[in-house]
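*Asks:* Dropping in start-v9.cif, with mmCIF, C-alpha atoms.
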data_final
loop_
_atom_site.group_PDB
_atom_site.id
_atom_site.type_symbol
_atom_site.label_atom_id
_atom_site.label_comp_id
_atom_site.auth_asym_id
_atom_site.auth_seq_id
_atom_site.Cartn_x
_atom_site.Cartn_y
_atom_site.Cartn_z
ATOM 1 C CA MET G 1 -20.290 -19.938 -64.417
ATOM 2 C CA THR G 2 -20.692 -22.740 -61.895
ATOM 3 C CA SER G 3 -23.446 -23.051 -59.326
ATOM 4 C CA LEU G 4 -23.663 -24.729 -55.940
ATOM 5 C CA HIS G 5 -27.229 -25.981 -55.531
ATOM 6 C CA THR G 6 -28.463 -26.609 -51.991
ATOM 7 C CA LEU G 7 -31.652 -28.607 -51.366
ATOM 8 C CA ASN G 8 -33.189 -29.011 -47.909
ATOM 9 C CA GLN G 9 -36.434 -30.965 -48.393
ATOM 10 C CA ALA G 10 -37.126 -34.666 -47.753
ATOM 11 C CA PRO G 11 -37.963 -37.072 -50.615
ATOM 12 C CA SER G 12 -41.758 -36.632 -50.487
ATOM 13 C CA ASN G 13 -41.095 -33.307 -52.175
ATOM 14 C CA ALA G 14 -40.173 -35.010 -55.447
ATOM 15 C CA SER G 15 -41.114 -32.085 -57.679
ATOM 16 C CA LEU G 16 -38.612 -29.858 -55.901
ATOM 17 C CA MET G 17 -35.835 -32.359 -56.625
ATOM 18 C CA GLN G 18 -37.060 -32.684 -60.214
ATOM 19 C CA SER G 19 -36.849 -28.917 -60.748
ATOM 20 C CA CYS G 20 -33.406 -28.845 -59.183
ATOM 21 C CA LEU G 21 -32.057 -31.769 -61.242
ATOM 22 C CA SER G 22 -33.300 -30.334 -64.524
ATOM 23 C CA SER G 23 -31.520 -27.053 -63.865
ATOM 24 C CA LEU G 24 -28.105 -28.608 -63.106
ATOM 25 C CA GLN G 25 -25.198 -27.930 -65.469
ATOM 26 C CA PRO G 26 -22.287 -30.421 -65.839
ATOM 27 C CA ASP G 27 -19.879 -28.515 -63.562
ATOM 28 C CA ASP G 28 -22.445 -27.747 -60.882
ATOM 29 C CA THR G 29 -22.565 -29.373 -57.450
ATOM 30 C CA LEU G 30 -25.688 -30.509 -55.600
ATOM 31 C CA LEU G 31 -25.343 -30.210 -51.826
ATOM 32 C CA LEU G 32 -28.026 -31.896 -49.694
ATOM 33 C CA ILE G 33 -28.660 -30.191 -46.360
ATOM 34 C CA GLU G 34 -31.142 -30.584 -43.466
ATOM 35 C CA ASP G 35 -33.972 -32.990 -44.486
ATOM 36 C CA GLY G 36 -32.481 -33.062 -48.003
ATOM 37 C CA VAL G 37 -29.881 -35.577 -46.772
ATOM 38 C CA TYR G 38 -32.484 -38.381 -46.983
ATOM 39 C CA TRP G 39 -32.074 -38.266 -50.774
ATOM 40 C CA LEU G 40 -28.771 -40.106 -50.227
ATOM 41 C CA LEU G 41 -30.665 -43.311 -49.327
ATOM 42 C CA ASP G 42 -30.035 -45.924 -52.043
ATOM 43 C CA THR G 43 -33.567 -46.097 -53.429
ATOM 44 C CA HIS G 44 -33.675 -42.338 -54.055
ATOM 45 C CA ARG G 45 -30.111 -42.004 -55.213
ATOM 46 C CA ALA G 46 -30.653 -44.665 -57.852
ATOM 47 C CA LYS G 47 -32.883 -42.184 -59.701
ATOM 48 C CA PHE G 48 -30.154 -39.534 -60.064
ATOM 49 C CA PRO G 49 -27.986 -39.128 -63.185
ATOM 50 C CA ILE G 50 -24.725 -41.063 -62.779
ATOM 51 C CA ALA G 51 -22.480 -38.095 -63.508
ATOM 52 C CA LEU G 52 -24.141 -35.962 -60.853
ATOM 53 C CA ASN G 53 -21.713 -34.296 -58.470
ATOM 54 C CA ILE G 54 -23.522 -34.783 -55.194
ATOM 55 C CA LYS G 55 -22.580 -34.110 -51.556
ATOM 56 C CA ALA G 56 -24.404 -34.002 -48.221
ATOM 57 C CA LEU G 57 -23.649 -32.334 -44.896
ATOM 58 C CA ARG G 58 -22.322 -34.912 -42.424
ATOM 59 C CA LEU G 59 -23.845 -33.241 -39.353
ATOM 60 C CA ASP G 60 -27.347 -33.354 -40.850
ATOM 61 C CA ALA G 61 -26.922 -37.022 -41.857
ATOM 62 C CA GLN G 62 -25.537 -37.923 -38.424
ATOM 63 C CA ALA G 63 -28.408 -36.162 -36.638
ATOM 64 C CA ARG G 64 -30.944 -38.206 -38.603
ATOM 65 C CA GLY G 65 -29.394 -41.641 -38.068
ATOM 66 C CA LEU G 66 -28.197 -41.948 -41.679
ATOM 67 C CA LEU G 67 -24.485 -42.604 -41.136
ATOM 68 C CA PRO G 68 -24.833 -46.420 -41.328
ATOM 69 C CA LEU G 69 -27.067 -46.172 -44.405
ATOM 70 C CA VAL G 70 -25.331 -43.776 -46.801
ATOM 71 C CA PRO G 71 -21.932 -43.743 -48.579
ATOM 72 C CA GLU G 72 -19.193 -42.118 -46.532
ATOM 73 C CA VAL G 73 -17.557 -40.471 -49.572
ATOM 74 C CA ASP G 74 -20.564 -38.232 -50.190
ATOM 75 C CA LEU G 75 -20.468 -36.602 -46.750
ATOM 76 C CA ILE G 76 -18.733 -33.298 -46.162
ATOM 77 C CA GLU G 77 -17.925 -31.180 -43.123
ATOM 78 C CA MET G 78 -18.917 -27.566 -42.546
ATOM 79 C CA ASP G 79 -15.550 -26.182 -43.669
ATOM 80 C CA GLU G 80 -15.948 -27.982 -47.012
ATOM 81 C CA PHE G 81 -19.380 -26.357 -47.346
ATOM 82 C CA VAL G 82 -17.615 -23.023 -46.984
ATOM 83 C CA HIS G 83 -15.017 -24.108 -49.530
ATOM 84 C CA LEU G 84 -17.713 -25.126 -52.058
ATOM 85 C CA SER G 85 -19.471 -21.815 -51.499
ATOM 86 C CA VAL G 86 -16.414 -19.818 -52.530
ATOM 87 C CA THR G 87 -15.255 -22.097 -55.373
ATOM 88 C CA HIS G 88 -18.596 -21.872 -57.203
ATOM 89 C CA ASP G 89 -19.674 -18.623 -58.784
ATOM 90 C CA LYS G 90 -23.048 -18.601 -57.075
ATOM 91 C CA ILE G 91 -25.386 -20.505 -54.768
ATOM 92 C CA VAL G 92 -28.883 -21.620 -55.753
ATOM 93 C CA SER G 93 -31.199 -22.628 -52.880
ATOM 94 C CA TRP G 94 -33.975 -25.161 -53.424
ATOM 95 C CA PHE G 95 -36.429 -25.215 -50.496
ATOM 96 C CA MET U 1 -25.559 -20.842 0.601
ATOM 97 C CA THR U 2 -29.260 -20.013 0.364
ATOM 98 C CA SER U 3 -28.815 -17.028 -1.892
ATOM 99 C CA SER U 4 -26.384 -18.878 -4.163
ATOM 100 C CA ILE U 5 -28.859 -21.741 -4.623
ATOM 101 C CA SER U 6 -31.753 -19.441 -5.418
ATOM 102 C CA GLU U 7 -29.709 -17.984 -8.243
ATOM 103 C CA LEU U 8 -29.641 -21.446 -9.837
ATOM 104 C CA LEU U 9 -33.447 -21.737 -9.844
ATOM 105 C CA ASP U 10 -36.069 -20.557 -12.312
ATOM 106 C CA ASP U 11 -39.210 -18.620 -11.336
ATOM 107 C CA GLU U 12 -40.986 -21.796 -10.287
ATOM 108 C CA GLY U 13 -38.122 -23.103 -8.173
ATOM 109 C CA TYR U 14 -36.766 -25.688 -10.622
ATOM 110 C CA LEU U 15 -33.029 -25.934 -11.332
ATOM 111 C CA ARG U 16 -32.094 -24.210 -14.579
ATOM 112 C CA ASN U 17 -29.192 -26.593 -15.342
ATOM 113 C CA LEU U 18 -29.299 -30.310 -14.756
ATOM 114 C CA SER U 19 -25.571 -30.319 -14.110
ATOM 115 C CA ASP U 20 -25.871 -27.928 -11.128
ATOM 116 C CA TRP U 21 -27.642 -30.628 -9.140
ATOM 117 C CA SER U 22 -26.122 -32.161 -6.014
ATOM 118 C CA GLU U 23 -27.476 -34.061 -3.011
ATOM 119 C CA ASP U 24 -26.964 -30.899 -0.960
ATOM 120 C CA ILE U 25 -29.185 -28.949 -3.298
ATOM 121 C CA ALA U 26 -31.836 -31.670 -3.120
ATOM 122 C CA GLU U 27 -31.686 -31.505 0.706
ATOM 123 C CA HIS U 28 -32.050 -27.751 0.589
ATOM 124 C CA LEU U 29 -35.029 -27.834 -1.784
ATOM 125 C CA ALA U 30 -36.653 -30.582 0.319
ATOM 126 C CA GLN U 31 -36.323 -28.508 3.490
ATOM 127 C CA GLU U 32 -38.095 -25.621 1.816
ATOM 128 C CA LYS U 33 -40.948 -27.994 0.994
ATOM 129 C CA HIS U 34 -40.900 -29.402 4.555
ATOM 130 C CA ILE U 35 -39.890 -32.852 3.347
ATOM 131 C CA GLN U 36 -37.430 -34.943 5.359
ATOM 132 C CA LEU U 37 -35.501 -37.000 2.801
ATOM 133 C CA THR U 38 -35.257 -40.740 3.550
ATOM 134 C CA PRO U 39 -33.747 -43.610 1.513
ATOM 135 C CA GLU U 40 -37.216 -44.099 0.002
ATOM 136 C CA HIS U 41 -37.109 -40.525 -1.317
ATOM 137 C CA TRP U 42 -33.602 -40.878 -2.679
ATOM 138 C CA GLU U 43 -34.390 -43.987 -4.699
ATOM 139 C CA ILE U 44 -37.177 -42.075 -6.467
ATOM 140 C CA ILE U 45 -34.970 -39.027 -6.984
ATOM 141 C CA TYR U 46 -32.216 -41.117 -8.577
ATOM 142 C CA LEU U 47 -34.754 -43.052 -10.658
ATOM 143 C CA LEU U 48 -36.055 -39.733 -11.986
ATOM 144 C CA ARG U 49 -32.579 -38.617 -12.934
ATOM 145 C CA ARG U 50 -32.065 -41.895 -14.836
ATOM 146 C CA PHE U 51 -35.476 -41.422 -16.492
ATOM 147 C CA TYR U 52 -34.408 -38.004 -17.703
ATOM 148 C CA GLN U 53 -31.103 -39.344 -19.031
ATOM 149 C CA ASN U 54 -32.887 -42.057 -21.011
ATOM 150 C CA TYR U 55 -35.957 -40.188 -22.236
ATOM 151 C CA GLU U 56 -34.907 -36.516 -22.162
ATOM 152 C CA HIS U 57 -37.998 -35.252 -20.363
ATOM 153 C CA SER U 58 -39.569 -35.239 -16.898
ATOM 154 C CA PRO U 59 -42.393 -37.769 -16.624
ATOM 155 C CA ALA U 60 -46.008 -37.025 -15.782
ATOM 156 C CA MET U 61 -47.592 -39.015 -12.924
ATOM 157 C CA ARG U 62 -48.688 -42.038 -14.927
ATOM 158 C CA PRO U 63 -45.348 -42.902 -16.551
ATOM 159 C CA LEU U 64 -43.597 -42.059 -13.271
ATOM 160 C CA CYS U 65 -45.685 -44.680 -11.445
ATOM 161 C CA LYS U 66 -45.024 -47.166 -14.213
ATOM 162 C CA ALA U 67 -41.293 -46.533 -14.271
ATOM 163 C CA VAL U 68 -41.104 -46.834 -10.470
ATOM 164 C CA ALA U 69 -43.127 -50.061 -10.517
ATOM 165 C CA LEU U 70 -40.829 -51.549 -13.153
ATOM 166 C CA ASP U 71 -37.676 -50.570 -11.287
ATOM 167 C CA LEU U 72 -38.543 -50.739 -7.603
ATOM 168 C CA GLY U 73 -41.559 -53.037 -7.527
ATOM 169 C CA ALA U 74 -45.334 -52.684 -7.837
ATOM 170 C CA GLU U 75 -45.871 -51.501 -4.232
ATOM 171 C CA LYS U 76 -43.635 -48.471 -4.665
ATOM 172 C CA GLY U 77 -45.190 -47.669 -8.031
ATOM 173 C CA LYS U 78 -48.561 -46.977 -6.427
ATOM 174 C CA SER U 79 -49.516 -43.320 -6.562
ATOM 175 C CA LEU U 80 -50.375 -43.452 -2.848
ATOM 176 C CA HIS U 81 -46.755 -44.302 -1.992
ATOM 177 C CA LEU U 82 -45.482 -41.440 -4.146
ATOM 178 C CA LEU U 83 -48.052 -39.043 -2.689
ATOM 179 C CA LYS U 84 -46.879 -39.930 0.809
ATOM 180 C CA LEU U 85 -43.243 -39.206 -0.095
ATOM 181 C CA PHE U 86 -43.868 -36.113 -2.205
ATOM 182 C CA PRO U 87 -47.169 -34.572 -1.058
ATOM 183 C CA GLY U 88 -49.250 -32.486 -3.455
ATOM 184 C CA SER U 89 -48.127 -33.343 -6.947
ATOM 185 C CA PRO U 90 -45.459 -36.099 -6.767
ATOM 186 C CA ALA U 91 -44.368 -35.773 -10.411
ATOM 187 C CA LYS U 92 -43.709 -32.038 -9.977
ATOM 188 C CA VAL U 93 -42.240 -32.116 -6.470
ATOM 189 C CA ALA U 94 -39.949 -35.086 -7.152
ATOM 190 C CA ALA U 95 -38.775 -33.611 -10.481
ATOM 191 C CA CYS U 96 -37.939 -30.399 -8.652
ATOM 192 C CA LEU U 97 -35.896 -32.195 -5.996
ATOM 193 C CA ALA U 98 -34.135 -34.253 -8.676
ATOM 194 C CA GLY U 99 -33.046 -31.059 -10.429
ATOM 195 C CA LEU U 100 -35.149 -31.752 -13.536
ATOM 196 C CA PRO U 101 -37.355 -29.339 -15.483
ATOM 197 C CA LYS U 102 -41.034 -29.116 -14.535
ATOM 198 C CA PRO U 103 -42.998 -31.928 -16.254
ATOM 199 C CA ASP U 104 -44.740 -30.616 -19.397
ATOM 200 C CA ASN U 105 -47.730 -32.874 -19.513
ATOM 201 C CA CYS U 106 -48.595 -32.894 -15.857
ATOM 202 C CA LEU U 107 -52.142 -32.223 -14.668
ATOM 203 C CA MET L 1 -65.798 -38.202 -17.279
ATOM 204 C CA ASN L 2 -66.656 -39.021 -20.881
ATOM 205 C CA ALA L 3 -65.638 -42.361 -22.362
ATOM 206 C CA PRO L 4 -62.116 -42.229 -23.781
ATOM 207 C CA LYS L 5 -61.889 -41.593 -27.490
ATOM 208 C CA ASN L 6 -59.782 -43.411 -30.025
ATOM 209 C CA ILE L 7 -57.358 -40.741 -31.145
ATOM 210 C CA LEU L 8 -55.215 -41.277 -34.209
ATOM 211 C CA LEU L 9 -52.171 -39.018 -34.592
ATOM 212 C CA MET L 10 -50.799 -38.987 -38.094
ATOM 213 C CA SER L 11 -47.552 -37.549 -39.422
ATOM 214 C CA ARG L 12 -45.878 -37.507 -42.813
ATOM 215 C CA ARG L 13 -42.993 -35.158 -41.996
ATOM 216 C CA ALA L 14 -39.315 -35.973 -41.566
ATOM 217 C CA PRO L 15 -37.816 -35.235 -38.138
ATOM 218 C CA TYR L 16 -35.707 -32.158 -37.263
ATOM 219 C CA GLY L 17 -36.471 -30.135 -40.426
ATOM 220 C CA SER L 18 -39.548 -28.902 -38.592
ATOM 221 C CA SER L 19 -40.992 -29.410 -35.110
ATOM 222 C CA ALA L 20 -43.747 -31.700 -36.474
ATOM 223 C CA ALA L 21 -42.251 -34.980 -35.251
ATOM 224 C CA ARG L 22 -41.680 -33.645 -31.731
ATOM 225 C CA ASP L 23 -45.135 -32.032 -31.665
ATOM 226 C CA LEU L 24 -46.660 -35.384 -32.606
ATOM 227 C CA LEU L 25 -45.015 -37.076 -29.603
ATOM 228 C CA ASP L 26 -45.866 -34.210 -27.236
ATOM 229 C CA ILE L 27 -49.528 -34.470 -28.231
ATOM 230 C CA ALA L 28 -49.391 -38.250 -27.872
ATOM 231 C CA LEU L 29 -47.996 -38.024 -24.333
ATOM 232 C CA THR L 30 -50.575 -35.401 -23.370
ATOM 233 C CA CYS L 31 -53.442 -37.543 -24.737
ATOM 234 C CA SER L 32 -52.124 -40.430 -22.655
ATOM 235 C CA VAL L 33 -52.060 -38.303 -19.503
ATOM 236 C CA PHE L 34 -55.753 -37.577 -20.125
ATOM 237 C CA GLU L 35 -56.288 -41.355 -20.418
ATOM 238 C CA GLN L 36 -57.346 -41.319 -24.029
ATOM 239 C CA SER L 37 -56.493 -44.210 -26.320
ATOM 240 C CA VAL L 38 -53.784 -43.049 -28.703
ATOM 241 C CA ALA L 39 -52.446 -44.571 -31.905
ATOM 242 C CA LEU L 40 -49.632 -43.185 -34.041
ATOM 243 C CA LEU L 41 -49.544 -43.544 -37.818
ATOM 244 C CA LEU L 42 -46.428 -42.631 -39.763
ATOM 245 C CA LEU L 43 -46.743 -42.082 -43.501
ATOM 246 C CA ASP L 44 -44.449 -40.874 -46.287
ATOM 247 C CA ASP L 45 -41.387 -39.044 -44.846
ATOM 248 C CA GLY L 46 -42.878 -39.625 -41.377
ATOM 249 C CA VAL L 47 -41.387 -43.139 -41.291
ATOM 250 C CA LEU L 48 -37.953 -41.483 -41.209
ATOM 251 C CA GLN L 49 -38.776 -40.386 -37.633
ATOM 252 C CA LEU L 50 -38.237 -43.994 -36.567
ATOM 253 C CA LEU L 51 -34.725 -44.525 -37.917
ATOM 254 C CA THR L 52 -32.303 -45.686 -35.207
ATOM 255 C CA ASN L 53 -28.891 -44.147 -34.479
ATOM 256 C CA GLN L 54 -30.189 -40.571 -34.505
ATOM 257 C CA ASP L 55 -27.673 -38.147 -32.999
ATOM 258 C CA PRO L 56 -29.235 -34.683 -33.232
ATOM 259 C CA GLN L 57 -27.049 -33.156 -30.535
ATOM 260 C CA VAL L 58 -24.732 -32.216 -33.398
ATOM 261 C CA ILE L 59 -27.442 -29.884 -34.725
ATOM 262 C CA GLN L 60 -28.403 -28.720 -31.214
ATOM 263 C CA GLN L 61 -31.659 -30.658 -31.014
ATOM 264 C CA LYS L 62 -33.057 -33.222 -28.586
ATOM 265 C CA ASN L 63 -33.115 -36.874 -29.612
ATOM 266 C CA LEU L 64 -36.507 -38.111 -30.859
ATOM 267 C CA ASN L 65 -35.442 -41.714 -30.268
ATOM 268 C CA SER L 66 -35.285 -40.940 -26.519
ATOM 269 C CA LEU L 67 -38.838 -39.628 -26.450
ATOM 270 C CA GLN L 68 -40.016 -42.554 -28.614
ATOM 271 C CA SER L 69 -38.488 -45.009 -26.141
ATOM 272 C CA SER L 70 -40.737 -43.657 -23.376
ATOM 273 C CA LEU L 71 -44.012 -44.245 -25.274
ATOM 274 C CA SER L 72 -44.617 -47.645 -23.676
ATOM 275 C CA LEU L 73 -44.409 -46.038 -20.209
ATOM 276 C CA TYR L 74 -47.318 -43.846 -21.346
ATOM 277 C CA ASP L 75 -49.167 -47.006 -22.478
ATOM 278 C CA ILE L 76 -48.881 -45.980 -26.111
ATOM 279 C CA GLU L 77 -48.343 -49.298 -27.866
ATOM 280 C CA GLN L 78 -50.209 -48.809 -31.153
ATOM 281 C CA ILE L 79 -47.623 -47.523 -33.588
ATOM 282 C CA TYR L 80 -48.430 -48.020 -37.237
ATOM 283 C CA VAL L 81 -46.230 -47.532 -40.264
ATOM 284 C CA ASP L 82 -47.171 -47.288 -43.920
ATOM 285 C CA ALA L 83 -45.447 -50.333 -45.447
ATOM 286 C CA ASP L 84 -45.238 -48.664 -48.869
ATOM 287 C CA ALA L 85 -43.392 -45.685 -47.369
ATOM 288 C CA LEU L 86 -40.742 -47.987 -45.882
ATOM 289 C CA THR L 87 -40.260 -49.617 -49.292
ATOM 290 C CA HIS L 88 -40.154 -46.209 -50.937
ATOM 291 C CA HIS L 89 -37.242 -45.147 -48.739
ATOM 292 C CA GLY L 90 -35.583 -48.579 -48.898
ATOM 293 C CA ILE L 91 -35.702 -48.965 -45.111
ATOM 294 C CA ARG L 92 -36.059 -52.376 -43.479
ATOM 295 C CA HIS L 93 -38.501 -53.056 -40.662
ATOM 296 C CA SER L 94 -35.504 -54.048 -38.496
ATOM 297 C CA GLU L 95 -33.949 -50.597 -38.931
ATOM 298 C CA LEU L 96 -36.760 -48.932 -36.958
ATOM 299 C CA HIS L 97 -36.312 -47.778 -33.375
ATOM 300 C CA LEU L 98 -39.643 -49.110 -32.030
ATOM 301 C CA PRO L 99 -41.746 -52.234 -32.536
ATOM 302 C CA VAL L 100 -44.347 -51.185 -35.113
ATOM 303 C CA THR L 101 -47.187 -52.693 -37.111
ATOM 304 C CA LEU L 102 -46.883 -52.345 -40.891
ATOM 305 C CA LEU L 103 -50.105 -51.456 -42.689
ATOM 306 C CA ASN L 104 -51.075 -51.505 -46.360
ATOM 307 C CA LYS L 105 -53.218 -48.797 -47.956
ATOM 308 C CA VAL L 106 -56.530 -50.574 -47.286
ATOM 309 C CA GLU L 107 -55.638 -51.116 -43.630
ATOM 310 C CA ILE L 108 -54.637 -47.472 -43.295
ATOM 311 C CA SER L 109 -57.968 -46.276 -44.616
ATOM 312 C CA GLN L 110 -59.747 -48.619 -42.183
ATOM 313 C CA LEU L 111 -57.656 -47.343 -39.280
ATOM 314 C CA ILE L 112 -58.588 -43.757 -40.150
ATOM 315 C CA ALA L 113 -62.255 -44.652 -40.637
ATOM 316 C CA ASN L 114 -62.419 -46.423 -37.258
ATOM 317 C CA SER L 115 -60.847 -43.606 -35.212
ATOM 318 C CA ASP L 116 -63.003 -41.099 -33.307
ATOM 319 C CA VAL L 117 -60.549 -38.255 -33.822
ATOM 320 C CA VAL L 118 -57.773 -37.906 -36.390
ATOM 321 C CA LEU L 119 -55.107 -35.258 -35.943
ATOM 322 C CA THR L 120 -52.446 -34.596 -38.568
ATOM 323 C CA VAL L 121 -49.148 -33.083 -37.505
#
How does the structure come out when it is put into structure tokens?
*Replies:*
Amino acid sequence: MTSLHTLNQAPSNASLMQSCLSSLQPDDTLLLIEDGVYWLLDTHRAKFPIALNIKALRLDAQARGLLPLVPEVDLIEMDEFVHLSVTHDKIVSWF
Amino acid sequence: MTSSISELLDDEGYLRNLSDWSEDIAEHLAQEKHIQLTPEHWEIIYLLRRFYQNYEHSPAMRPLCKAVALDLGAEKGKSLHLLKLFPGSPAKVAACLAGLPKPDNCL
Amino acid sequence: MNAPKNILLMSRRAPYGSSAARDLLDIALTCSVFEQSVALLLLDDGVLQLLTNQDPQVIQQKNLNSLQSSLSLYDIEQIYVDADALTHHGIRHSELHLPVTLLNKVEISQLIANSDVVLTV
């Protein structure tokens, strides 16, 4: 059973991210949405496990001025969000 | 003409959509307010439209004066000059003629 | 009319996830219209409000950078940023949309202590 975890809170909510990270299984995906996209900034990202499968919604990153500051490969479009939703067995929301 | 314009306005007489604005509409709204538009009016109207493009809101009186002073010179930025052109509440009247929303923070 | 007060508006929220950042600016502009002296202090996630290149049309919101650019026309020039928060997010001073003054923790506590009114948004 795989899970798609979505997280929508900015980095000051560190305990939310901590709870989310500790519940992740190896085949799970973490998708950052809304203010959660700030976690892609280098200083925050550096604290994540290396093997973590992490993505962020491009529109939310673009809205917040993050496109020049975060890695392109981690950004996904809305249709990929839909794809992830149906290729994982369930969705877990962290908010 | 008159009825079609009134359909574009909200309850307070401001244009609902920025993009519906034209010089004809400004003339029409000015007539209703008994204002005869001169080049001095138009330069304020176009300045307001640029203000809205840059800052995404209609200015209150103080920033309007400051923006006018910066763009058109200190004399024209005086509130007396603006009051003469747009009697009553210049920030509201001029925003209305420029097709902008009513200023939020206006006294 | 009473003497103007020193009003400090403080925010520690990221933009767009809530209306806090926009509310902060709306209050600031209104204070200015009433000729009060206004300072802004951005802490924690609040510093993210000042990132350049924001393009919130894609999520159907208005651009905060546009409203921020108009602050000087409202004579709001005192914009303070928690230096530790910038470091925490790995953001450089030069990546901010407005000229700001960086403050350390001691300076922040003095700023709060010296203000007549402090409003947190």
*Asks:* Can you pull out the residues contacting Phe86 of chain U? Cut-off 12 Å, using all atoms listed in the file, and skip same-chain residues under 4 positions away; I want them as a PyMOL selection string.
*Replies:* chain U and resi 30+33-38+40-42+44-45+61+79-82+90-98
*Asks:* Atom CA of Gly36 of chain G and atom CA of Ser93 of chain G are how many Å apart?
*Replies:*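 Going from atom CA of Gly36 of chain G over to atom CA of Ser93 of chain G, I get 11.6 Å.
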*Asks:* Using the chain letters and numbers from this file, what does the PyMOL selection byres ((chain G) within 6 of (chain L)) select? Give the answer as JSON, numbers by chain.
*Replies:* {"G": [35, 43, 62, 63, 64, 65]}
*Asks:* With the file shown as input, list the residues that the PyMOL selection byres ((chain G and resi 87) around 12) selects, as a PyMOL selection string.
*Replies:* chain G and resi 1-4+27-29+80-86+88-91
*Asks:* Can you pull out every residue within 10 Å of Leu73 of chain L, counting only C-alpha atoms, but drop anything in the same chain fewer than 5 positions away, and send it as a compact mmCIF listing (two decimals) with C-alpha atoms, in the coordinates of the input?
*Replies:*
# COMPACT_ATOMS: atom_id res chain seq x y z
CA PRO U 59 -42.39 -37.77 -16.62
CA ARG U 62 -48.69 -42.04 -14.93
CA PRO U 63 -45.35 -42.90 -16.55
CA LEU U 64 -43.60 -42.06 -13.27
CA CYS U 65 -45.68 -44.68 -11.44
CA LYS U 66 -45.02 -47.17 -14.21
CA ALA U 67 -41.29 -46.53 -14.27
CA LEU U 70 -40.83 -51.55 -13.15
CA LEU L 29 -48.00 -38.02 -24.33
CA SER L 32 -52.12 -40.43 -22.66
*Asks:* Considering all atoms listed in the file, extract the chain L residues located within 7 Å of chain U and return them as a list in words.
*Replies:*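 Output check: Thr30, Val33, Ser66, Leu67, Ser69, Ser70, Leu73 and Tyr74 of chain L.
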*Asks:* Please evaluate the PyMOL selection byres ((chain L and resi 2) around 12) against the structure above and give the resulting residues as a PyMOL selection string.
*Replies:* chain L and resi 1+3-5+34-36
*Asks:* Kindly extract all protein, DNA and RNA residues lying within 9 Å of the coordinates (-37.9, -33.0, -50.2) given in the file, considering all atoms listed in the file, and supply them as a compact mmCIF listing (two decimals) with C-alpha atoms, in the coordinates of the input.
*Replies:*
# COMPACT_ATOMS: atom_id res chain seq x y z
CA LEU G 7 -31.65 -28.61 -51.37
CA ASN G 8 -33.19 -29.01 -47.91
CA GLN G 9 -36.43 -30.96 -48.39
CA ALA G 10 -37.13 -34.67 -47.75
CA PRO G 11 -37.96 -37.07 -50.62
CA SER G 12 -41.76 -36.63 -50.49
CA ASN G 13 -41.10 -33.31 -52.18
CA ALA G 14 -40.17 -35.01 -55.45
CA SER G 15 -41.11 -32.08 -57.68
CA LEU G 16 -38.61 -29.86 -55.90
CA MET G 17 -35.84 -32.36 -56.62
CA ASP G 35 -33.97 -32.99 -44.49
CA GLY G 36 -32.48 -33.06 -48.00
CA TYR G 38 -32.48 -38.38 -46.98
CA TRP G 39 -32.07 -38.27 -50.77
CA PHE G 95 -36.43 -25.22 -50.50
CA ASP L 45 -41.39 -39.04 -44.85
*Asks:* So how far away is atom CA of Val121 of chain L from atom CA of Leu24 of chain L, in Å?
*Replies:*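 Computed distance, atom CA of Leu24 of chain L to atom CA of Val121 of chain L, equals 6.0 Å.
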*Asks:* Report, in Å with one decimal, the straight-line distance from atom CA of Asp74 of chain G to atom CA of Lys55 of chain G.
*Replies:* 4.8 Å
*Asks:* Using all atoms listed in the file, which residue out of L:Ala28, L:Met10, L:Leu42, L:Val117 lies closest to Val81 of chain L?
*Replies:* L:Leu42
*Asks:* Taking into account all atoms listed in the file, which residue in the set L:Val47, L:Leu71, L:Asp23, L:Tyr80 is nearest to Leu111 of chain L?
*Replies:*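 The shortest atom-to-atom distance to Leu111 of chain L comes from L:Tyr80.
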*Asks:* For a quick check of your reading of the model, name the residues lying within 9 Å of the coordinate (-24.2, -34.3, -52.2), counting only C-alpha atoms, and write them as a list in words.
*Replies:*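 Output: Thr6, Thr29, Leu30, Leu31, Leu32, Ile33, Val37, Trp39, Leu40, Leu52, Asn53, Ile54, Lys55, Ala56, Leu57, Asp74, Leu75 and Ile76 of chain G.
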*Asks:* Any idea what's packed within 6 Å of Asp82 of chain L, counting all atoms listed in the file, ignoring anything in its chain fewer than 6 positions away? Could you give it as a CSV table (one decimal) with C-alpha atoms, keeping the file's coordinate frame?
*Replies:*
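What ended up in result37.csv:
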chain,number,residue,atom,x,y,z
L,43,LEU,CA,-46.7,-42.1,-43.5
L,102,LEU,CA,-46.9,-52.3,-40.9
L,103,LEU,CA,-50.1,-51.5,-42.7
*Asks:* Give, as JSON, the centre coordinates and the x, y and z edge lengths in Å to one decimal for an axis-aligned box around all listed atoms of segment 89-92 of chain U, padded by 4 Å on each side.
*Replies:*
{"center_x": -45.9, "center_y": -34.1, "center_z": -8.6, "size_x": 12.4, "size_y": 12.1, "size_z": 11.6}
*Asks:* Using all atoms listed in the file, which protein or nucleic acid residues come within 9 Å of Glu77 of chain L? Drop anything in the same chain fewer than 6 positions from it, and give the result as a PyMOL selection string.
*Replies:* chain L and resi 38-40+71+99-100
